[in-house]
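A quick write-up on the structure given underneath.
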Amino acid sequence: MPLSVYQMARAASAGSPFDPAAAEAQYPPDLELEPSHLFIDLALEIAARRAAGTVTLTVQARRAGSHVLRLHAVDLDVSAVVDPAGRAVTWRNDGQQLTIRWHDAFGAQEERRIAVHYAVEAPSSGLYFSQPSDAYPDMPWYAVTDHETERARHWLPCVDLPNVRTTLDIRLRAEERFTILANGYLVGEEAHGDGTKSVHWHLDQRCPSYLICFAAGEFVRADDGEFDDGEKRIPLAYFCSPQHTAGDMLRSFGRTGAMLAWMTAKLGRPFPYPKYFQWTAPGVSGAMENISLVSWDERFALDEKLAAEWTWLVDAVNVHEMAH
C-alpha cells in the first residue's frame, strides 16, 4: 500500500495533470532475451550488512539472432559472469546496468543459463539490515527485502520491471539461530557444521521482481493452522521480532484464514500459492503483497492496547494485500 498511490490520488482530485509535460518518457525494455527463472543463492552476513553469492538466470530468445542481455544492477560488485554450458561471453558492469553478450547468437526460443557472481555491501535500497547497536540496543537482527516499485536492482541483478516475471529458487545461508523465509514452498534446510545453515525455497508461479521477497533474522513464530481451499491445505504463519510476541501476531493476523475463505468463495477460485506467511519488522514501509510472504512494518503488530484502535485498520490492509 505505497504512499505514492495516495499522493497520486490527491493530485488527480486537485485537478493536477496525471502526465505533466516535463515527465520523463518511459518505455518497456527490449526483451529479445527474456528471463524465465532465477536461482538466487546467497550468503548473508548481517553484522557486515553484506550479501554475496550467485544468481543464475534462465533466459529464452524471442527471436533468432539475439545475443545481448541487459540487467539492472545498481552498485553491485560483480566478480564473474559465466555460461554454465561453457559458451563464451563478455560482460560490462557500469554500476547501473550489467550487459552480457554471448559470442554466438541464440536460436529462436532457445533457452540458456547465465550465472552472475557478485556481492553487495550496505545497499542503499531494496535490502535492509538491522542489528543492535550502542545507540539502539534493542534493535533486532535481520536482513529483509522491500522492493516497491523498482528496488530489487540494488541487491539483485535482474530485469527490475514488472513485465518480466520468473519462477524462483531462493537459497540463503545465514547463522543457524536465524529464521530464513522466502517466496514459495520449503524445499529443504541444511546445517553446515560451522554455525550456519542454508534454507531453500521454491516458487512455481511466475513472479515480478518487485514481489520477490526474503526475510532472515531473529523472528518469533506464530502458527495459525491451515486453510483448506478445496484443492490443498495452505499453512498460515506469522513472524515478528522479539520485541513482540506470538500472541501479538495472532491478535494482528488471526483473521487471515477467515479472509481467505471469504475471498476464495467470492472469486470462485482456489488460492494459487503454497503458503500464506506474513512477517513484520521495524522500518519496513507499510505492507507489501509479496507472493506467499506478505511484509509489514512492525508498527502494525497489535499489542492489547493498540488492538482496540487499530484492529480495523490491520484487517483492511490484510485483505487489501491478499486481494493483490
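So you can find residues: chains in the C-alpha cells are A, B, ... in the order shown, residues in each start at 1, and ligands are numbered from 1 in order.
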Exercise. Got a sec: who's within 9 Å of A:Ala43, counting only C-alpha atoms, leaving out chain neighbours fewer than 3 positions off, as a PyMOL selection string?
Worked result: chain A and resi 50-53+171-174+198
Residues as selected, C-alpha atoms, written as an mmCIF file, in the first residue's frame, can you do that?
```cif
data_model
loop_
_atom_site.group_PDB
_atom_site.id
_atom_site.type_symbol
_atom_site.label_atom_id
_atom_site.label_comp_id
_atom_site.auth_asym_id
_atom_site.auth_seq_id
_atom_site.Cartn_x
_atom_site.Cartn_y
_atom_site.Cartn_z
ATOM 1 C CA ARG A 50 26.661 -7.881 3.234
ATOM 2 C CA ALA A 51 25.281 -10.498 0.839
ATOM 3 C CA ALA A 52 27.411 -12.493 -1.590
ATOM 4 C CA GLY A 53 26.830 -15.369 -3.966
ATOM 5 C CA ARG A 171 18.663 -20.479 -1.235
ATOM 6 C CA LEU A 172 20.038 -18.395 1.626
ATOM 7 C CA ARG A 173 22.847 -19.133 4.061
ATOM 8 C CA ALA A 174 22.949 -17.415 7.443
ATOM 9 C CA SER A 198 21.165 -22.926 4.237
#
```
Exercise. Which residues come within 10 Å of A:Ala48, counting only C-alpha atoms, excluding same-chain residues fewer than 5 positions away, as a PyMOL selection string?
Worked result: chain A and resi 121-122+129+131
Preceding selection exported with C-alpha atoms as a CSV table (one decimal), in the first residue's frame:
```csv
chain,number,residue,atom,x,y,z
A,121,GLU,CA,27.5,-4.3,1.0
A,122,ALA,CA,25.3,-1.8,2.7
A,129,PHE,CA,19.9,-4.9,7.5
A,131,GLN,CA,21.4,-5.3,14.4
```
I'd like a table as JSON lines: residues in stretch 52-160 of chain A with an atom no more than 10 Å from stretch 20-42 of chain A, each row giving the shortest atom pair and its distance in Å to one decimal, only C-alpha atoms counted, sorted by chain and rising residue number.
```
{"residue": "A:Ala52", "atom": "CA", "partner": "A:Leu42", "partner_atom": "CA", "distance": 5.4}
{"residue": "A:Gly53", "atom": "CA", "partner": "A:Leu42", "partner_atom": "CA", "distance": 4.4}
{"residue": "A:Thr54", "atom": "CA", "partner": "A:Asp41", "partner_atom": "CA", "distance": 5.3}
{"residue": "A:Val55", "atom": "CA", "partner": "A:Ile40", "partner_atom": "CA", "distance": 4.4}
{"residue": "A:Thr56", "atom": "CA", "partner": "A:Phe39", "partner_atom": "CA", "distance": 5.0}
{"residue": "A:Leu57", "atom": "CA", "partner": "A:Leu38", "partner_atom": "CA", "distance": 4.7}
{"residue": "A:Thr58", "atom": "CA", "partner": "A:His37", "partner_atom": "CA", "distance": 5.1}
{"residue": "A:Val59", "atom": "CA", "partner": "A:Pro35", "partner_atom": "CA", "distance": 4.1}
{"residue": "A:Gln60", "atom": "CA", "partner": "A:Glu34", "partner_atom": "CA", "distance": 5.3}
{"residue": "A:Ala61", "atom": "CA", "partner": "A:Leu33", "partner_atom": "CA", "distance": 4.6}
{"residue": "A:Arg62", "atom": "CA", "partner": "A:Glu32", "partner_atom": "CA", "distance": 5.1}
{"residue": "A:Arg63", "atom": "CA", "partner": "A:Glu32", "partner_atom": "CA", "distance": 6.4}
{"residue": "A:Ala64", "atom": "CA", "partner": "A:Glu32", "partner_atom": "CA", "distance": 8.9}
{"residue": "A:Gly65", "atom": "CA", "partner": "A:Glu32", "partner_atom": "CA", "distance": 9.1}
{"residue": "A:Ser66", "atom": "CA", "partner": "A:Glu32", "partner_atom": "CA", "distance": 6.1}
{"residue": "A:His67", "atom": "CA", "partner": "A:Leu33", "partner_atom": "CA", "distance": 7.6}
{"residue": "A:Val68", "atom": "CA", "partner": "A:Leu33", "partner_atom": "CA", "distance": 7.2}
{"residue": "A:Leu69", "atom": "CA", "partner": "A:Leu33", "partner_atom": "CA", "distance": 6.1}
{"residue": "A:Arg70", "atom": "CA", "partner": "A:Asp30", "partner_atom": "CA", "distance": 8.7}
{"residue": "A:Leu71", "atom": "CA", "partner": "A:Pro35", "partner_atom": "CA", "distance": 9.9}
{"residue": "A:Phe106", "atom": "CA", "partner": "A:Leu33", "partner_atom": "CA", "distance": 8.8}
{"residue": "A:Ala108", "atom": "CA", "partner": "A:Glu32", "partner_atom": "CA", "distance": 9.7}
{"residue": "A:Gln109", "atom": "CA", "partner": "A:Leu33", "partner_atom": "CA", "distance": 9.2}
{"residue": "A:Glu110", "atom": "CA", "partner": "A:Leu33", "partner_atom": "CA", "distance": 9.4}
{"residue": "A:Glu111", "atom": "CA", "partner": "A:Leu33", "partner_atom": "CA", "distance": 9.1}
{"residue": "A:Arg112", "atom": "CA", "partner": "A:Pro35", "partner_atom": "CA", "distance": 9.6}
{"residue": "A:Arg113", "atom": "CA", "partner": "A:His37", "partner_atom": "CA", "distance": 9.2}
{"residue": "A:Ile114", "atom": "CA", "partner": "A:Leu38", "partner_atom": "CA", "distance": 9.9}
{"residue": "A:Ala115", "atom": "CA", "partner": "A:Phe39", "partner_atom": "CA", "distance": 9.0}
{"residue": "A:Val116", "atom": "CA", "partner": "A:Ile40", "partner_atom": "CA", "distance": 9.8}
{"residue": "A:His117", "atom": "CA", "partner": "A:Asp41", "partner_atom": "CA", "distance": 9.6}
{"residue": "A:Tyr118", "atom": "CA", "partner": "A:Leu42", "partner_atom": "CA", "distance": 9.3}
{"residue": "A:Ala119", "atom": "CA", "partner": "A:Leu42", "partner_atom": "CA", "distance": 8.8}
{"residue": "A:Leu156", "atom": "CA", "partner": "A:Ile40", "partner_atom": "CA", "distance": 8.5}
{"residue": "A:Pro157", "atom": "CA", "partner": "A:Ile40", "partner_atom": "CA", "distance": 9.8}
{"residue": "A:Cys158", "atom": "CA", "partner": "A:Pro35", "partner_atom": "CA", "distance": 8.3}
{"residue": "A:Val159", "atom": "CA", "partner": "A:Pro35", "partner_atom": "CA", "distance": 7.8}
{"residue": "A:Asp160", "atom": "CA", "partner": "A:Pro29", "partner_atom": "CA", "distance": 9.8}
```
Exercise. Could you pull out the helix (DSSP H, G or I) residues of stretch 163-285 of chain A from DSSP and send them as a PyMOL selection string?
Worked result: chain A and resi 209-211+246-253+256-267
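Surrounding stretch 264-279 of chain A within 6 Å are Tyr185, Asp229, Ile234, Pro235, Leu236, Ala237, Tyr238, Phe239, Cys240, Ser292, Leu293, Val294 and Ser295 of chain A, with only C-alpha atoms counted and residues fewer than 5 positions along the same chain left out.
Between A:Asp204 and the candidates A:Ile170, A:Leu127, A:Val120, A:Leu250, the tightest atom-to-atom separation, counting only C-alpha atoms, involves A:Ile170.
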Problem set entry | Members of stretch 87-304 of chain A assigned strand (DSSP E) by DSSP, as number ranges by chain | A: 89-93, 97-102, 111-121, 127-130, 142-145, 165-175, 179-182, 185-191, 196-208, 214-217, 220-228, 233-240, 276-281, 287-288, 293-297
For this session: With a distance cut-off of 10 Å and only C-alpha atoms, select the neighbouring residues of A:Phe253, excluding the residue or stretch itself and same-chain residues fewer than 4 positions from it, and output the selection as a list in words.
Result: Ala222, Asp224, Leu236, Ala237, Tyr238, Gly247, Asp248, Met249, Gly257, Gln278, Phe300, Ala301, Leu302, Thr311, Val314, Asp315 and Asn318 of chain A
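Counting from atom CA of A:Glu226, the distance to atom CA of A:Leu181 is 17.7 Å.
Interatomic distance, atom CA of A:Leu211 against atom CA of A:Val187: 19.6 Å.
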For this session: Would you mind listing what lies within 10 Å of A:Gln205 as an MDAnalysis selection string, with only C-alpha atoms counted and same-chain residues fewer than 6 positions away left out?
Result: chainID A and resid 165:168 183:184 272:274 291
